[in-house]
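Step one of this worksheet: look at the structure below.
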Amino acid sequence: MAEIRVENLHKSFGDFTAVKGESFTIADGSFFCLLGPSGCGKTTTLRMIAGLELPTSGRILLGGEDVAFKRASERDIAFVFQLFALYPHMNVRRNIGFPLVCQSVPAREIKARVEETARLLRIDHLLDKPVSGLAGGDRQRVALGRAIVRRPLAFLMDEPLGTLDTEFRDLMCAELRHLHERIKATTVYVTHDQLEAMSMADRIAIMNNGRVEQLGSPQEIYDRPATLFVADFVGSPAMNLIPLTGRLGKGAARLEVAGSGIAIPEMREDAPGEELVLGARPEHIRFDDASDYRGEVFGTEYLGTMQIVTVKVAQGRVKVKVPASLRVESGEQVGLAFLSDRLSLFDKSSGRALR
Ligand code: ATP
């Protein structure tokens with residue numbers, strides 16, 4: 001059982017507080033990502049879970065036991081720094097077995113565990129080959145093998161793919177996810193790359209400024225961002241955030257975007273009256289000649305089957321994702337329609353989502 005629970009965790013470095021009261025639970029066997037911009041406290045959080053940094057206060061429960069103030073060596077977890085670094089002078093077998101040699105595991109057990117790990121990664125036929133001659137994908141599998149051979153309670157990974165080029169990174173994301181599905185070891189993965197997090201995680205904690213802004217599945221976070229920060233951080237291109245005028249009443253409401261009424265269903269009753277921000281993903285806006293919410297096409301970006309069209313409207317610029325086959329010219333006047341059941345709405349002053 002390797003559920004990890006973080007309760008009201010704080011970390012200060014002198015006067016500066018890097019982690020400001022985090023609480024979350026990482027289910028046993030799940031793939032959990034800490035995602036956020038540089039400096040938000042991801043690494044500090046991971047290092048506290050690993051035992052490489054002591055919390056200022058709070059609890060870290062590993063399988064029910066509070067380990068917050070225990071040494072790293074007393075926690076059965078593996079901290080993976082870089083997945084791609086191999087020892088070039090060793091063969092595959094010795095590369096994978098190296099962590100066990102360091103732990104003085106008996107030779108016969110090392111042999112069995114290395115072979116089992118290699119079978120799991122489909123590289124058992126390469127065990128006695130030098131790593132220098134391996135193809136890229138196989139090298140990455142050897143590196144993964146070295147990380148998992150210890151079979152710890154949990155894996156902690158800090159931007160392990162950070163320095164890889166895009167092609168290898170995509171390959172490794174798929175490989176890591178595939179491996180996780182087979183071994184189901186609790187994994188905590190730190191990244192600032194939303195695509196990595198979205199493609200691998202069961203659950204994501206979005207961090208900002210030392211706090212968790214939202215915790216949820218990739219889909220929940222994408223579909224229902226809890227704050228303006230999350231709305232802006234997740235999604236490429238980002239969600240359109242359009243300031244609104246008008247008042248909200250009970251039940252369904254009608255809001256004014258520059259004179260064009262947009263119906264917002266299922267409004268919460270306690271929604272405040274003013275200073276709202278409408279959130280619309282580019283794929284939830286379409287061109288509609290009948291709409292009186294109009295703007296001028298500023299430019300297009302082709303993405304193969306789709307294109308992103310930037311439209312200048314009264315409030316700034318709105319990005320719209322439409323099929324690439326649709327012909328649009330810069331300078332053209334277009335009407336925009338919103339898919340009202342897919343919209344988000346935020347209270348501007350608190351930044352919290354109202355729906
Ligand atoms: P990055 O991806 O850039 O590493 P991060 O989200 O992982 O970002 P942290 O490394 O956790 O961020 O750092 C959070 C904040 O705490 C940063 O402002 C950093 O400068 C500060 N910090 C981290 N470690 C220390 C330390 N040992 N002493 C002082 N400040 C620190």
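By order in the structure tokens, chains are A, B, ...; within a chain, residues start at 1; ligands start at 1, following the order shown.
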Self-check item: Test item: residues lying within 12 Å of ligand 1 with only C-alpha atoms and all ligand atoms, as an NGL selection string
Solution: :A and (10-20 or 34-48 or 52-55 or 157-160 or 162 or 189-193 or 205-212)
Self-check item: From A:Val311, A:Val188, A:Met200, A:Ala154, residue lying nearest Asp170 of chain A [only C-alpha atoms]
Solution: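 Smallest separation from Asp170 of chain A among the options: A:Met200.
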Quiz item: DSSP on the backbone: what in segment 43-285 of chain A comes out strand (DSSP E), as a PyMOL selection string?
Solution: chain A and resi 57-62+65-66+77-80+154-158+186-191+203-208+211-216+240-244+253-257+260-264+276-280+285
Quiz item: If we count only C-alpha atoms, what is near Phe338 of chain A at a cut-off of 10 Å, once residues fewer than 2 positions away on the same chain are taken out, given as a VMD selection string?
Solution: chain A and resid 262 to 263 280 to 288 291 293 336 340 to 343
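In the backbone-derived DSSP annotation, alpha helix (DSSP H) within segment 174-244 of chain A comprises Ala174, Glu175, Leu176, Arg177, His178, Leu179, His180, Glu181, Arg182, Ile183, Gln194, Leu195, Glu196, Ala197, Met198, Ser199, Met200, Pro218, Gln219, Glu220, Ile221, Tyr222, Asp223, Leu228, Phe229, Val230, Ala231, Asp232 and Phe233 of chain A.
The shortest atom-to-atom distance to His89 of chain A, with only C-alpha atoms taken into account, belongs to A:Val131 out of A:Leu345, A:Met172, A:Val334, A:Val131.
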Self-check item: A:Lys348, A:Arg139, A:Arg5, A:Arg119 ranked by distance to Glu65 of chain A, top pick (using only C-alpha atoms)
Solution: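 The shortest atom-to-atom distance to Glu65 of chain A comes from A:Arg5.
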Quiz item: Nearest to Val322 of chain A: which of A:Gly295, A:Gly136, A:Gly304, A:Pro218 is it, counting only C-alpha atoms?
Solution: A:Gly304
Quiz item: Which of these residues is nearest to Pro225 of chain A, using only C-alpha atoms: A:Ala174, A:Ala107, A:Leu278, A:Met90?
Solution: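 With only C-alpha atoms as the atom set, the closest residue is A:Leu278.
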Exercise. Check the smallest atom-to-atom distance from each of A:Asp165, A:Asp76, A:Glu213, A:Asp292 to Gln333 of chain A using only C-alpha atoms, then report the winner.
Key: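 Closest residue, counting only C-alpha atoms: A:Asp292.
Distance-wise, atom CA of Tyr222 of chain A and atom CA of Gly235 of chain A end up 7.0 Å apart.
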Exercise. Would you work out the distance separating atom CA of Leu339 of chain A from atom CA of Ser325 of chain A, expressed in Å to one decimal?
Key: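 Interatomic distance, atom CA of Leu339 of chain A to atom CA of Ser325 of chain A: 20.7 Å.
With atom CA of Ile60 of chain A on one side and atom CA of Leu9 of chain A on the other, the separation reads 7.8 Å.
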Quiz item: What lies within 9 Å of Phe31 of chain A using only C-alpha atoms, ignoring chain neighbours under 6 positions off, as a ChimeraX atom specification?
Solution: /A:177,180,184-189,200-204
Quiz item: Leaving out Phe98 of chain A and any residue of its chain fewer than 4 positions from it, which residues lie within 12 Å of it when counting only C-alpha atoms, given as a PyMOL selection string?
Solution: chain A and resi 86-87+90-94+102-105+107+110-111+113-114+142-143+145-150
